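Engineer: My structure file target23.cif, mmCIF, C-alpha atoms, is below:
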data_input
loop_
_atom_site.label_atom_id
_atom_site.label_comp_id
_atom_site.auth_asym_id
_atom_site.auth_seq_id
_atom_site.Cartn_x
_atom_site.Cartn_y
_atom_site.Cartn_z
CA MET A 1 0.00 0.00 0.00
CA PRO A 2 2.71 2.57 0.80
CA ILE A 3 4.25 1.92 -2.63
CA VAL A 4 0.89 2.40 -4.37
CA SER A 5 0.36 5.53 -2.30
CA GLU A 6 3.71 7.00 -3.35
CA LEU A 7 3.08 6.04 -6.94
CA ALA A 8 -0.36 7.70 -6.86
CA TRP A 9 1.15 10.84 -5.41
CA LYS A 10 3.76 11.01 -8.16
CA TYR A 11 1.25 9.99 -10.83
CA THR A 12 -1.02 12.90 -9.97
CA GLY A 13 1.92 15.30 -9.88
CA CYS A 14 1.27 15.88 -6.13
CA ASP A 15 -1.84 17.89 -7.09
CA HIS A 16 -4.57 15.39 -6.23
CA SER A 17 -5.11 13.84 -2.82
CA SER A 18 -7.43 11.18 -4.23
CA VAL A 19 -7.68 9.02 -7.33
CA THR A 20 -10.49 7.01 -8.90
CA TYR A 21 -10.83 3.27 -8.27
CA GLU A 22 -9.72 2.65 -11.85
CA LYS A 23 -6.49 4.60 -11.37
CA ALA A 24 -5.86 2.96 -8.01
CA GLN A 25 -6.39 -0.46 -9.55
CA MET A 26 -4.05 0.42 -12.39
CA LEU A 27 -1.35 1.53 -9.94
CA MET A 28 -1.84 -1.55 -7.81
CA ALA A 29 -1.48 -3.69 -10.94
CA THR A 30 1.72 -1.77 -11.71
CA VAL A 31 3.21 -2.69 -8.35
CA MET A 32 2.08 -6.31 -8.64
CA TYR A 33 3.51 -6.56 -12.14
CA CYS A 34 6.94 -5.36 -10.98
CA ILE A 35 6.92 -7.68 -7.98
CA ASN A 36 5.97 -10.59 -10.24
CA GLU A 37 8.75 -9.67 -12.64
CA ASP A 38 11.18 -9.85 -9.76
CA GLY A 39 9.68 -13.17 -8.64
CA ARG A 40 9.94 -14.58 -12.13
CA GLN A 41 13.63 -13.83 -12.28
CA GLU A 42 14.63 -14.42 -8.69
CA GLY A 43 12.53 -17.53 -8.07
CA ASN A 44 10.06 -15.64 -5.87
CA ALA A 45 12.42 -14.18 -3.29
CA LEU A 46 9.55 -12.19 -1.77
CA ALA A 47 7.57 -15.32 -0.92
CA ALA A 48 10.71 -16.88 0.52
CA LYS A 49 10.92 -13.75 2.76
CA HIS A 50 14.38 -12.86 1.59
CA ILE A 51 13.42 -9.31 0.66
CA SER A 52 10.77 -6.72 1.40
CA ALA A 53 7.90 -5.86 -0.95
CA ARG A 54 9.51 -2.50 -1.67
CA GLU A 55 12.82 -4.12 -2.64
CA ALA A 56 10.99 -6.63 -4.81
CA TYR A 57 9.06 -3.80 -6.48
CA GLU A 58 12.13 -1.66 -7.09
CA HIS A 59 14.12 -4.59 -8.40
CA GLY A 60 11.18 -5.63 -10.58
CA ARG A 61 10.96 -2.12 -11.99
CA GLU A 62 14.64 -2.30 -12.94
CA ILE A 63 13.98 -5.60 -14.69
CA VAL A 64 11.10 -4.01 -16.62
CA LYS A 65 13.40 -1.16 -17.65
CA GLU A 66 16.10 -3.59 -18.77
CA LYS A 67 13.57 -5.60 -20.76
CA LEU A 68 12.44 -2.44 -22.50
CA MET A 69 16.03 -1.61 -23.45
CA LYS A 70 16.54 -5.18 -24.61
CA LEU A 71 13.41 -4.99 -26.75
CA GLN A 72 14.63 -1.75 -28.31
CA THR A 73 18.04 -3.30 -29.10
CA LEU A 74 16.46 -6.47 -30.47
CA TYR A 75 14.14 -4.43 -32.68
CA ASN A 76 17.00 -2.30 -34.00
CA GLU A 77 19.01 -5.42 -34.82
CA LEU A 78 16.08 -7.16 -36.49
CA ILE A 79 14.67 -4.41 -38.64
CA PRO A 80 17.45 -3.89 -41.26
CA ASP A 81 17.12 -7.50 -42.50
CA PHE A 82 13.47 -8.01 -41.64
CA LYS A 83 11.39 -9.72 -44.34
CA ASP A 84 7.63 -10.04 -44.20
CA TYR A 85 7.35 -12.28 -47.30
CA GLY A 86 4.22 -10.37 -48.27
CA SER A 87 2.29 -11.02 -45.05
CA VAL A 88 0.46 -7.79 -44.31
CA CYS A 89 -0.25 -8.83 -40.74
CA LEU A 90 3.40 -9.61 -39.96
CA LYS A 91 4.52 -6.39 -41.61
CA ASP A 92 2.05 -4.21 -39.70
CA THR A 93 2.70 -5.87 -36.37
CA VAL A 94 6.47 -5.55 -36.59
CA ARG A 95 6.95 -2.37 -38.60
CA LYS A 96 4.10 -0.33 -37.11
CA GLY A 97 3.10 -2.04 -33.86
CA ILE A 98 6.45 -2.49 -32.13
CA PRO A 99 7.68 1.11 -32.71
CA ALA A 100 4.32 2.37 -31.43
CA PHE A 101 4.74 0.18 -28.35
CA LEU A 102 8.26 1.50 -27.73
CA GLU A 103 6.99 5.03 -28.08
CA ARG A 104 3.98 4.76 -25.82
CA TYR A 105 4.90 2.14 -23.25
CA ASP A 106 4.82 3.59 -19.73
CA PHE A 107 7.15 1.46 -17.62
CA LYS A 108 6.65 3.63 -14.53
CA TYR A 109 2.90 3.79 -14.18
CA ALA A 110 1.49 1.11 -16.49
CA PRO A 111 4.12 -1.57 -17.21
CA GLN A 112 1.42 -4.24 -17.25
CA GLU A 113 -0.23 -2.78 -20.35
CA THR A 114 0.61 -4.63 -23.56
CA LEU A 115 -0.92 -1.84 -25.68
CA LEU A 116 -0.73 -4.02 -28.81
CA THR A 117 -3.01 -6.84 -29.85
CA LEU A 118 -0.03 -8.56 -31.55
CA ASP A 119 -2.24 -9.72 -34.41
CA TYR A 120 0.35 -11.81 -36.21
CA PRO A 121 0.04 -15.21 -34.50
CA ILE A 122 3.27 -16.84 -33.37
CA LEU A 123 3.60 -20.55 -32.69
CA ARG A 124 4.21 -20.24 -28.95
CA ASN A 125 1.51 -19.27 -26.46
CA TYR A 126 2.39 -16.72 -23.77
CA GLY A 127 -0.98 -16.72 -22.02
CA GLY A 128 0.27 -15.61 -18.60
CA LEU A 129 2.42 -12.71 -19.76
CA SER A 130 1.63 -9.07 -20.46
CA GLY A 131 3.42 -5.77 -20.91
CA VAL A 132 7.04 -5.64 -22.00
CA SER A 133 7.62 -9.28 -20.96
CA LEU A 134 5.09 -10.46 -23.50
CA VAL A 135 6.27 -8.14 -26.28
CA LEU A 136 9.92 -9.10 -25.68
CA CYS A 137 9.14 -12.84 -25.82
CA TYR A 138 7.04 -12.20 -28.93
CA MET A 139 9.88 -10.34 -30.63
CA GLN A 140 12.40 -13.04 -29.69
CA ASP A 141 10.15 -15.57 -31.41
CA ILE A 142 9.79 -13.32 -34.44
CA CYS A 143 13.62 -13.22 -34.59
CA LEU A 144 13.73 -17.02 -34.50
CA GLU A 145 11.17 -17.13 -37.33
CA GLN A 146 13.25 -14.72 -39.37
CA LYS A 147 16.36 -16.82 -38.78
CA PHE A 148 14.45 -19.93 -39.82
CA LEU A 149 12.98 -18.40 -42.99
CA GLN A 150 16.05 -16.44 -44.08
CA ARG A 151 18.05 -19.67 -44.37
CA MET A 152 15.90 -20.29 -47.45
CA ASP A 153 15.60 -18.46 -50.72
CA ASP A 154 12.91 -15.73 -50.57
CA GLN A 155 11.27 -16.99 -53.74
CA TYR A 156 11.07 -20.49 -52.35
CA VAL A 157 9.31 -19.27 -49.21
CA VAL A 158 6.89 -17.10 -51.16
CA LYS A 159 6.16 -20.00 -53.53
CA ILE A 160 5.24 -22.29 -50.61
CA LEU A 161 3.05 -19.59 -49.10
CA ARG A 162 1.31 -18.91 -52.40
CA LYS A 163 0.69 -22.60 -52.96
CA TYR A 164 -0.72 -22.86 -49.45
CA HIS A 165 -3.19 -20.07 -50.19
CA ARG A 166 -3.40 -17.71 -53.13
CA ASP A 167 -4.26 -14.78 -50.82
CA TYR A 168 -1.87 -15.79 -48.07
CA ALA A 169 -0.83 -12.13 -47.71
CA TYR A 170 -4.11 -11.31 -45.97
CA LEU A 171 -4.34 -14.43 -43.81
CA LEU A 172 -3.94 -14.07 -40.06
CA GLU A 173 -1.75 -17.17 -39.99
CA ASN A 174 1.80 -17.92 -39.02
CA ILE A 175 3.89 -18.10 -42.19
CA CYS A 176 6.68 -20.01 -40.50
CA GLY A 177 4.19 -22.77 -39.63
CA MET A 178 3.12 -23.04 -43.29
CA VAL A 179 6.72 -23.42 -44.45
CA LEU A 180 7.63 -25.80 -41.60
CA GLN A 181 4.70 -28.03 -42.52
CA ASN A 182 6.02 -28.40 -46.03
CA MET A 183 9.57 -29.01 -44.83
CA MET A 184 8.40 -31.71 -42.46
CA GLY A 185 7.08 -33.57 -45.50
CA HIS A 186 10.58 -33.49 -46.99
CA MET A 187 12.22 -34.57 -43.75
CA MET A 188 9.80 -37.45 -43.16
CA LEU A 189 10.41 -38.74 -46.68
CA ASP A 190 14.17 -38.08 -46.47
CA LYS A 191 13.71 -35.94 -49.55
CA PRO A 192 16.31 -33.17 -50.01
CA LEU A 193 14.89 -29.71 -49.44
CA GLN A 194 16.28 -28.55 -52.76
CA GLU A 195 13.96 -30.95 -54.60
CA THR A 196 10.59 -29.33 -54.99
CA GLY A 197 7.15 -30.94 -55.36
CA PHE A 198 5.75 -34.21 -54.10
CA SER A 199 4.79 -36.95 -56.51
CA GLN A 200 1.70 -39.09 -55.98
CA GLU A 201 3.95 -42.03 -55.13
CA GLU A 202 5.74 -40.02 -52.47
CA LEU A 203 2.50 -38.93 -50.87
CA GLU A 204 1.19 -42.50 -50.92
CA SER A 205 4.38 -43.80 -49.37
CA LEU A 206 4.13 -41.17 -46.62
CA GLU A 207 0.54 -42.21 -46.01
CA GLU A 208 1.77 -45.78 -45.70
CA ILE A 209 4.46 -44.79 -43.19
CA LEU A 210 2.00 -42.92 -41.02
CA SER A 211 -1.17 -44.93 -41.66
CA ASP A 212 -1.31 -46.84 -38.35
CA LYS A 213 0.00 -43.98 -36.23
CA THR A 214 -1.97 -41.87 -33.76
CA VAL A 215 -1.69 -38.06 -33.64
CA GLU A 216 0.71 -38.38 -30.70
CA GLN A 217 2.90 -40.81 -32.62
CA ILE A 218 2.89 -38.53 -35.66
CA LYS A 219 3.90 -35.68 -33.39
CA SER A 220 6.87 -37.69 -32.03
CA TYR A 221 7.82 -38.58 -35.57
CA LEU A 222 7.65 -34.92 -36.57
CA LEU A 223 9.73 -33.95 -33.54
CA ARG A 224 12.50 -36.33 -34.56
CA SER A 225 12.34 -34.93 -38.10
CA LEU A 226 12.53 -31.41 -36.71
CA GLU A 227 15.63 -32.27 -34.67
CA ARG A 228 17.28 -33.63 -37.82
CA LEU A 229 16.30 -30.46 -39.67
CA THR A 230 17.75 -28.07 -37.06
CA ALA A 231 20.88 -30.21 -36.72
CA ALA A 232 21.45 -30.19 -40.49
CA TYR A 233 20.61 -26.58 -41.32
CA TYR A 234 20.57 -24.50 -38.12
CA ASP A 235 23.63 -25.61 -36.11
CA ASN A 236 21.42 -27.54 -33.74
CA ASP A 237 19.86 -24.32 -32.46
CA ARG A 238 17.97 -25.45 -29.34
CA GLY A 239 15.99 -22.22 -29.07
CA MET A 240 14.76 -22.60 -32.61
CA SER A 241 13.81 -26.26 -32.34
CA GLU A 242 11.95 -25.55 -29.09
CA TYR A 243 10.04 -22.75 -30.79
CA LEU A 244 9.26 -24.70 -33.97
CA ALA A 245 8.20 -27.69 -31.88
CA CYS A 246 5.28 -25.54 -30.64
CA GLY A 247 3.83 -25.70 -34.16
CA LEU A 248 4.06 -29.49 -34.42
CA PRO A 249 0.83 -30.47 -32.60
CA ASP A 250 -1.22 -28.56 -35.19
CA ILE A 251 0.76 -30.02 -38.08
CA ALA A 252 0.31 -33.55 -36.67
CA VAL A 253 -3.48 -33.10 -36.46
CA ARG A 254 -3.63 -31.69 -40.00
CA ILE A 255 -1.54 -34.56 -41.37
CA LYS A 256 -3.78 -37.10 -39.65
CA CYS A 257 -6.96 -35.50 -41.01
CA ASN A 258 -5.62 -35.08 -44.53
CA MET A 259 -4.30 -38.63 -44.53
CA GLU A 260 -7.73 -39.97 -43.63
CA ASN A 261 -9.13 -38.07 -46.59
CA HIS A 262 -6.23 -38.97 -48.89
CA CYS A 263 -5.38 -35.35 -49.57
CA LEU A 264 -1.88 -34.92 -48.11
CA GLY A 265 -1.05 -32.98 -51.26
CA GLN A 266 -2.96 -30.01 -49.85
CA LEU A 267 -0.54 -29.81 -46.94
CA LEU A 268 2.71 -30.72 -48.59
CA VAL A 269 2.59 -28.23 -51.38
CA LEU A 270 6.15 -27.90 -52.68
CA MET B 1 -21.54 -9.67 11.93
CA GLU B 2 -20.09 -6.87 9.89
CA GLN B 3 -16.35 -7.23 9.59
CA LYS B 4 -14.53 -3.92 9.98
CA ASN B 5 -11.61 -3.06 7.78
CA TRP B 6 -8.76 -2.20 10.18
CA LEU B 7 -7.12 0.01 7.54
CA ASP B 8 -10.32 2.05 7.26
CA GLU B 9 -10.60 2.28 11.02
CA MET B 10 -7.01 3.48 11.36
CA ALA B 11 -7.54 6.08 8.66
CA LYS B 12 -10.69 7.33 10.40
CA GLN B 13 -8.90 7.64 13.74
CA ALA B 14 -5.97 9.49 12.18
CA LEU B 15 -8.31 11.86 10.36
CA THR B 16 -10.37 12.50 13.49
CA ALA B 17 -7.20 13.51 15.34
CA GLN B 18 -6.10 15.70 12.46
CA VAL B 19 -9.48 17.44 12.27
CA LEU B 20 -9.46 18.08 16.03
CA GLU B 21 -6.05 19.69 15.67
CA MET B 22 -7.58 22.09 13.17
CA ASN B 23 -9.70 23.49 16.03
CA GLN B 24 -6.66 25.45 17.16
CA TYR B 25 -6.76 27.38 13.90
CA THR B 26 -10.54 27.61 13.40
CA GLN B 27 -11.44 28.74 16.91
CA LYS B 28 -10.44 32.29 16.05
CA TYR B 29 -13.41 32.23 13.65
CA GLY B 30 -15.62 30.83 16.39
CA LEU B 31 -15.64 27.33 14.89
CA VAL B 32 -14.82 24.27 16.96
CA LEU B 33 -15.60 20.63 16.27
CA LYS B 34 -16.30 18.15 19.07
CA GLU B 35 -14.67 14.73 18.95
CA GLU B 36 -17.88 13.00 17.85
CA GLU B 37 -18.35 15.60 15.10
CA ALA B 38 -14.80 15.05 13.87
CA ALA B 39 -15.42 11.30 13.91
CA LEU B 40 -18.66 11.87 11.99
CA LEU B 41 -16.79 13.85 9.33
CA ALA B 42 -14.25 11.02 9.03
CA GLU B 43 -17.16 8.62 8.61
CA VAL B 44 -18.76 10.84 5.95
CA ARG B 45 -15.41 10.99 4.11
CA ALA B 46 -15.23 7.18 3.97
CA ASP B 47 -18.84 6.94 2.75
CA VAL B 48 -18.42 9.62 0.09
CA LEU B 49 -15.20 8.08 -1.19
CA ARG B 50 -16.95 4.73 -1.47
CA GLU B 51 -19.93 6.31 -3.19
CA GLU B 52 -17.82 8.29 -5.64
CA LYS B 53 -15.48 5.31 -6.17
CA ARG B 54 -12.34 7.19 -5.16
CA VAL B 55 -9.36 6.41 -2.94
CA GLU B 56 -7.36 8.74 -0.75
CA PHE B 57 -3.91 7.32 -0.10
CA GLY B 58 -2.11 9.90 1.96
CA GLN B 59 -3.37 13.19 3.39
CA SER B 60 -7.13 13.65 3.39
CA ILE B 61 -8.64 16.68 1.69
CA LEU B 62 -10.82 17.46 4.75
CA PRO B 63 -8.26 19.64 6.62
CA LYS B 64 -7.79 21.64 3.42
CA ILE B 65 -11.56 22.10 3.05
CA ILE B 66 -11.76 23.28 6.66
CA TYR B 67 -8.86 25.67 6.12
CA ALA B 68 -10.39 27.07 2.91
CA PHE B 69 -13.91 27.58 4.28
CA CYS B 70 -13.44 28.38 7.97
CA ASP B 71 -13.39 32.14 7.34
CA SER B 72 -16.59 32.04 5.26
CA SER B 73 -19.30 34.51 6.19
CA TYR B 74 -21.90 31.79 5.75
CA ILE B 75 -20.41 29.16 8.02
CA TYR B 76 -20.94 29.45 11.76
CA GLN B 77 -20.74 27.09 14.71
CA ASP B 78 -24.29 25.74 14.31
CA ASN B 79 -23.86 24.67 10.70
CA TYR B 80 -20.08 24.05 10.76
CA CYS B 81 -20.03 20.24 10.93
CA GLU B 82 -22.95 19.87 8.52
CA SER B 83 -21.33 22.31 6.07
CA MET B 84 -17.99 20.47 6.10
CA ALA B 85 -19.76 17.18 5.45
CA ARG B 86 -21.67 18.72 2.55
CA LEU B 87 -18.52 20.32 1.11
CA GLN B 88 -16.70 16.98 1.20
CA GLU B 89 -19.53 15.39 -0.79
CA ILE B 90 -19.53 18.19 -3.34
CA PHE B 91 -15.74 18.16 -3.63
CA PHE B 92 -15.43 14.45 -4.45
CA GLN B 93 -18.47 14.50 -6.70
CA TYR B 94 -16.92 17.26 -8.80
CA LYS B 95 -13.46 15.70 -8.82
CA ASN B 96 -15.13 12.91 -10.75
CA GLU B 97 -17.33 15.22 -12.84
CA MET B 98 -14.24 17.14 -13.92
CA MET B 99 -12.43 13.89 -14.67
CA ASP B 100 -9.47 14.87 -12.47
CA GLU B 101 -8.57 17.59 -14.95
CA ILE B 102 -8.48 20.16 -12.18
CA THR B 103 -6.19 20.02 -9.14
CA ASP B 104 -7.46 19.93 -5.55
CA ASP B 105 -6.31 23.48 -4.89
CA GLU B 106 -7.91 24.88 -8.04
CA LEU B 107 -11.23 23.20 -7.29
CA LEU B 108 -11.19 24.38 -3.66
CA GLU B 109 -10.37 27.92 -4.71
CA PHE B 110 -13.21 27.93 -7.23
CA MET B 111 -15.66 26.45 -4.73
CA ARG B 112 -14.73 28.93 -1.98
CA GLU B 113 -15.01 31.93 -4.29
CA GLN B 114 -18.39 30.89 -5.69
CA PHE B 115 -19.72 30.00 -2.26
CA GLU B 116 -18.88 33.45 -0.95
CA GLU B 117 -19.56 35.68 -3.92
CA VAL B 118 -22.13 34.00 -6.14
CA CYS B 119 -24.00 31.43 -4.06
CA ARG B 120 -24.07 33.47 -0.85
CA GLY B 121 -23.80 30.30 1.22
CA ASP B 122 -26.27 28.22 -0.82
CA PHE B 123 -24.85 24.70 -1.24
CA GLY B 124 -27.55 23.76 -3.73
CA TYR B 125 -26.65 26.65 -6.01
CA LEU B 126 -22.93 25.89 -5.65
CA GLU B 127 -23.44 22.25 -6.57
CA GLU B 128 -26.15 22.39 -9.18
CA THR B 129 -25.32 25.62 -10.97
CA CYS B 130 -21.82 26.99 -10.44
CA LEU B 131 -19.90 23.71 -10.29
CA ASP B 132 -22.12 22.06 -12.87
CA LEU B 133 -21.40 24.83 -15.40
CA PHE B 134 -17.72 24.81 -14.54
CA ALA B 135 -17.52 21.01 -14.91
CA GLN B 136 -19.22 21.20 -18.31
CA ALA B 137 -16.68 23.78 -19.42
CA ILE B 138 -13.75 21.71 -18.10
CA ARG B 139 -15.01 18.60 -19.90
CA ALA B 140 -15.34 20.66 -23.07
CA GLY B 141 -11.67 21.62 -22.80
CA TYR B 142 -11.76 24.97 -20.95
CA SER B 143 -8.37 25.53 -19.31
CA ASP B 144 -8.01 29.29 -18.69
CA TYR B 145 -8.61 28.70 -14.97
CA GLN B 146 -5.05 27.34 -14.72
CA GLU B 147 -3.58 30.82 -15.06
CA THR B 148 -5.43 32.10 -11.99
CA GLU B 149 -5.58 28.76 -10.17
CA GLY B 150 -9.38 28.84 -10.27
CA GLN B 151 -9.84 32.45 -9.14
CA GLY B 152 -12.29 34.79 -10.87
CA VAL B 153 -13.17 32.47 -13.73
CA PHE B 154 -16.88 31.90 -13.20
CA GLY B 155 -17.75 34.80 -15.50
CA ASP B 156 -16.16 32.85 -18.37
CA VAL B 157 -18.49 29.89 -17.95
CA ASP B 158 -21.62 31.50 -16.51
CA ILE B 159 -24.49 31.21 -18.95
CA VAL B 160 -27.31 31.73 -16.43
CA LYS B 161 -29.48 34.78 -17.11
CA ARG B 162 -29.90 36.68 -13.84
CA TRP B 163 -31.18 40.06 -12.75
CA ASP B 164 -32.08 42.29 -15.70
CA ARG B 165 -32.96 45.86 -14.76
CA GLY B 166 -34.71 46.59 -18.07
CA LEU B 167 -36.89 43.52 -17.83
CA TYR B 168 -37.75 44.36 -14.23
CA LEU B 169 -38.84 47.86 -15.12
CA GLU B 170 -40.86 46.52 -18.06
CA ALA B 171 -42.66 44.05 -15.78
CA LEU B 172 -43.28 46.84 -13.26
CA MET B 173 -44.80 49.09 -15.92
CA ASP B 174 -47.12 46.26 -16.96
CA LEU B 175 -48.42 45.99 -13.41
CA PHE B 176 -49.56 49.59 -13.30
#
Represent the structure from my file as structure tokens, please.
Structural biologist:
Amino acid sequence: MPIVSELAWKYTGCDHSSVTYEKAQMLMATVMYCINEDGRQEGNALAAKHISAREAYEHGREIVKEKLMKLQTLYNELIPDFKDYGSVCLKDTVRKGIPAFLERYDFKYAPQETLLTLDYPILRNYGGLSGVSLVLCYMQDICLEQKFLQRMDDQYVVKILRKYHRDYAYLLENICGMVLQNMMGHMMLDKPLQETGFSQEELESLEEILSDKTVEQIKSYLLRSLERLTAAYYDNDRGMSEYLACGLPDIAVRIKCNMENHCLGQLLVL
Amino acid sequence: MEQKNWLDEMAKQALTAQVLEMNQYTQKYGLVLKEEEAALLAEVRADVLREEKRVEFGQSILPKIIYAFCDSSYIYQDNYCESMARLQEIFFQYKNEMMDEITDDELLEFMREQFEEVCRGDFGYLEETCLDLFAQAIRAGYSDYQETEGQGVFGDVDIVKRWDRGLYLEALMDLF
């Protein structure tokens, strides 16, 4: 309470002795957010009674500030080589949304506000996060996606996306997931990535390989293929394989459904 | 059984003590609050804050209200406690109505000036006319009051038609 009280006093510029419930709730959420940030990093030192609430808050606020700086650096590093491959949603989120966030984010009085809706969907779910923590994690995943996609020729990526959907540019879908899906087809068939297109025989043989497998088994199979992919092309990047693995459950379900309807060709497009 | 919030209780006790201390200053105007009256004002403060959905974290506004109004020509010992309670209600109501655009001091200055010079001690007129017009102007973006910290600005926002000598004489002529 004393921290919220001080914050309210500063927030009102020492001109108002009272604030509305909404403002008080916002300031309380600010303090809780900073304390949680500290807990997240320090393994909940406050609960373990190692430090006072004020120390936890002040330390948490420093963490928030550092995260903001880190986000700014990450964005500056990403943007010169950033490619949206025609996805309007990705372009708008990164090129317009993130700078707007950096400009308007209030780490002192409203660090818990995410401000953005982050419309471009990434593969990982950060349900419990908000504010700069969420945006930083989001940007780190966008960087991993860029690293994954930029290992390939731009035209190749765009071709896969266009084959997936003619108007892919306006879809609110993860483009990395679309490309990964296609690459998984190659990896499962041990087909070099340079060779494009899947013949009917190849699709039938894949159906045969996976025919008696459950979704979970397909997922494990995909995971092994993903590990081979990252080992071969991405220096065994653990961060990347962990991120891409988040997209595998969806791919496994789609493969299972399309296999049952004998239309794997709609998933494995190039 | 109603469970009492100990934080609320502590705040009420602290405010009661603070208000009683104000007696030293206000007694020169013939205004003194008894302990139960001070406690009543603290109670009213808590109720009004709850009603207006506001929170006071540090210093309460009540001592400031007492300080601003204790030299009023329209407040005397018999209506002192009641007046302070009423002024608290009006103050918090209009903090909300003005969307916190105006500072405590500016609002108090405006209220005191209107109460003395325009309303002549009428709380109803202060609340429903003067402050209502001022709040409308503030919400519409009026900000000239900042230069004078709320002093002498009612003329800018006053749209109420009052005494008109010509009209009075006309009505008088009609009567005879």
Engineer: Name the residues within 12 Å of (8.2, -36.4, -33.4), counting all atoms listed in the file in the file's coordinates, and put them as number ranges by chain.
Structural biologist: A: 184, 187-188, 210, 213-229, 241, 244-249, 251-252
Engineer: Residues of chain B within 10 Å of chain A, counting all atoms listed in the file - could you list those as a list in words?
Structural biologist: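 Contact residues on the first chain: Leu49, Arg50, Glu52, Lys53, Arg54, Val55, Glu56, Phe57, Gly58, Gln59, Ser60, Ile61, Phe92, Lys95, Asn96, Met99, Asp100, Glu101, Ile102, Thr103, Asp104, Asp105 and Glu106 of chain B.
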Engineer: In Å, how far is it from CA of Asp250 (chain A) to CA of Leu123 (chain A)?
Structural biologist: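 Interatomic distance, CA of Asp250 (chain A) to CA of Leu123 (chain A): 9.7 Å.
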Engineer: Using CA of Ile35 (chain A) and CA of Glu55 (chain A) as the two end points, give the distance in Å to one decimal.
Structural biologist: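 Rounded to one decimal, the two atoms are 8.7 Å apart.
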Engineer: Can you measure CA of Phe69 (chain B) to CA of Arg112 (chain B) for me? One decimal in Å is fine.
Structural biologist: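 Rounded to one decimal, the two atoms are 6.5 Å apart.
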Engineer: Translate the PyMOL selection byres ((chain B and resi 22) around 12), as applied to the file shown, into an explicit residue set as a PDB file with C-alpha atoms, in the coordinates of the input.
Structural biologist:
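File written: result-v4.pdb
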ATOM      1  CA  LEU B  15      -8.310  11.860  10.360  1.00  0.00           C
ATOM      2  CA  THR B  16     -10.370  12.500  13.490  1.00  0.00           C
ATOM      3  CA  ALA B  17      -7.200  13.510  15.340  1.00  0.00           C
ATOM      4  CA  GLN B  18      -6.100  15.700  12.460  1.00  0.00           C
ATOM      5  CA  VAL B  19      -9.480  17.440  12.270  1.00  0.00           C
ATOM      6  CA  LEU B  20      -9.460  18.080  16.030  1.00  0.00           C
ATOM      7  CA  GLU B  21      -6.050  19.690  15.670  1.00  0.00           C
ATOM      8  CA  ASN B  23      -9.700  23.490  16.030  1.00  0.00           C
ATOM      9  CA  GLN B  24      -6.660  25.450  17.160  1.00  0.00           C
ATOM     10  CA  TYR B  25      -6.760  27.380  13.900  1.00  0.00           C
ATOM     11  CA  THR B  26     -10.540  27.610  13.400  1.00  0.00           C
ATOM     12  CA  GLN B  27     -11.440  28.740  16.910  1.00  0.00           C
ATOM     13  CA  LYS B  28     -10.440  32.290  16.050  1.00  0.00           C
ATOM     14  CA  TYR B  29     -13.410  32.230  13.650  1.00  0.00           C
ATOM     15  CA  LEU B  31     -15.640  27.330  14.890  1.00  0.00           C
ATOM     16  CA  VAL B  32     -14.820  24.270  16.960  1.00  0.00           C
ATOM     17  CA  LEU B  33     -15.600  20.630  16.270  1.00  0.00           C
ATOM     18  CA  LYS B  34     -16.300  18.150  19.070  1.00  0.00           C
ATOM     19  CA  GLU B  35     -14.670  14.730  18.950  1.00  0.00           C
ATOM     20  CA  ALA B  38     -14.800  15.050  13.870  1.00  0.00           C
ATOM     21  CA  LEU B  62     -10.820  17.460   4.750  1.00  0.00           C
ATOM     22  CA  PRO B  63      -8.260  19.640   6.620  1.00  0.00           C
ATOM     23  CA  LYS B  64      -7.790  21.640   3.420  1.00  0.00           C
ATOM     24  CA  ILE B  65     -11.560  22.100   3.050  1.00  0.00           C
ATOM     25  CA  ILE B  66     -11.760  23.280   6.660  1.00  0.00           C
ATOM     26  CA  TYR B  67      -8.860  25.670   6.120  1.00  0.00           C
ATOM     27  CA  ALA B  68     -10.390  27.070   2.910  1.00  0.00           C
ATOM     28  CA  CYS B  70     -13.440  28.380   7.970  1.00  0.00           C
TER      29      CYS B  70
END
Engineer: Run the PyMOL selection byres ((chain B and resi 137) around 12) on the file and write out the hits as an NGL selection string.
Structural biologist: :B and (97-99 or 101-102 or 130-136 or 138-145 or 153-159)
Engineer: Using all atoms listed in the file for the distances, tell me which of A:Glu202, A:Asp92, A:Glu66, A:Glu195 is nearest to Leu136 (chain A).
Structural biologist: A:Glu66
Engineer: Quick one: residues within 10 Å of Glu51 (chain B), only C-alpha atoms, excluding same-chain residues fewer than 5 positions away - as a PDB file with C-alpha atoms, in the coordinates of the input?
Structural biologist:
ATOM      1  CA  ARG B  45     -15.410  10.990   4.110  1.00  0.00           C
ATOM      2  CA  ALA B  46     -15.230   7.180   3.970  1.00  0.00           C
ATOM      3  CA  GLU B  89     -19.530  15.390  -0.790  1.00  0.00           C
ATOM      4  CA  PHE B  92     -15.430  14.450  -4.450  1.00  0.00           C
ATOM      5  CA  GLN B  93     -18.470  14.500  -6.700  1.00  0.00           C
TER       6      GLN B  93
END
Engineer: Which one of A:His262, A:Arg254, A:Arg151, A:His59 sits closest to Asn182 (chain A) if you count all atoms listed in the file?
Structural biologist: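 Between A:His262, A:Arg254, A:Arg151, A:His59, the residue approaching Asn182 (chain A) most closely is A:Arg254.
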Engineer: On this structure, the PyMOL selection byres ((chain A and resi 169-175) around 6) would catch which residues? List them as a compact mmCIF listing (two decimals) with C-alpha atoms, in the frame of the given file, sorted by chain and number.
Structural biologist:
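Listing of result.txt after writing:
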# COMPACT_ATOMS: atom_id res chain seq x y z
CA GLY A 86 4.22 -10.37 -48.27
CA SER A 87 2.29 -11.02 -45.05
CA VAL A 88 0.46 -7.79 -44.31
CA PRO A 121 0.04 -15.21 -34.50
CA ILE A 122 3.27 -16.84 -33.37
CA ASP A 167 -4.26 -14.78 -50.82
CA TYR A 168 -1.87 -15.79 -48.07
CA CYS A 176 6.68 -20.01 -40.50
CA GLY A 177 4.19 -22.77 -39.63
CA MET A 178 3.12 -23.04 -43.29
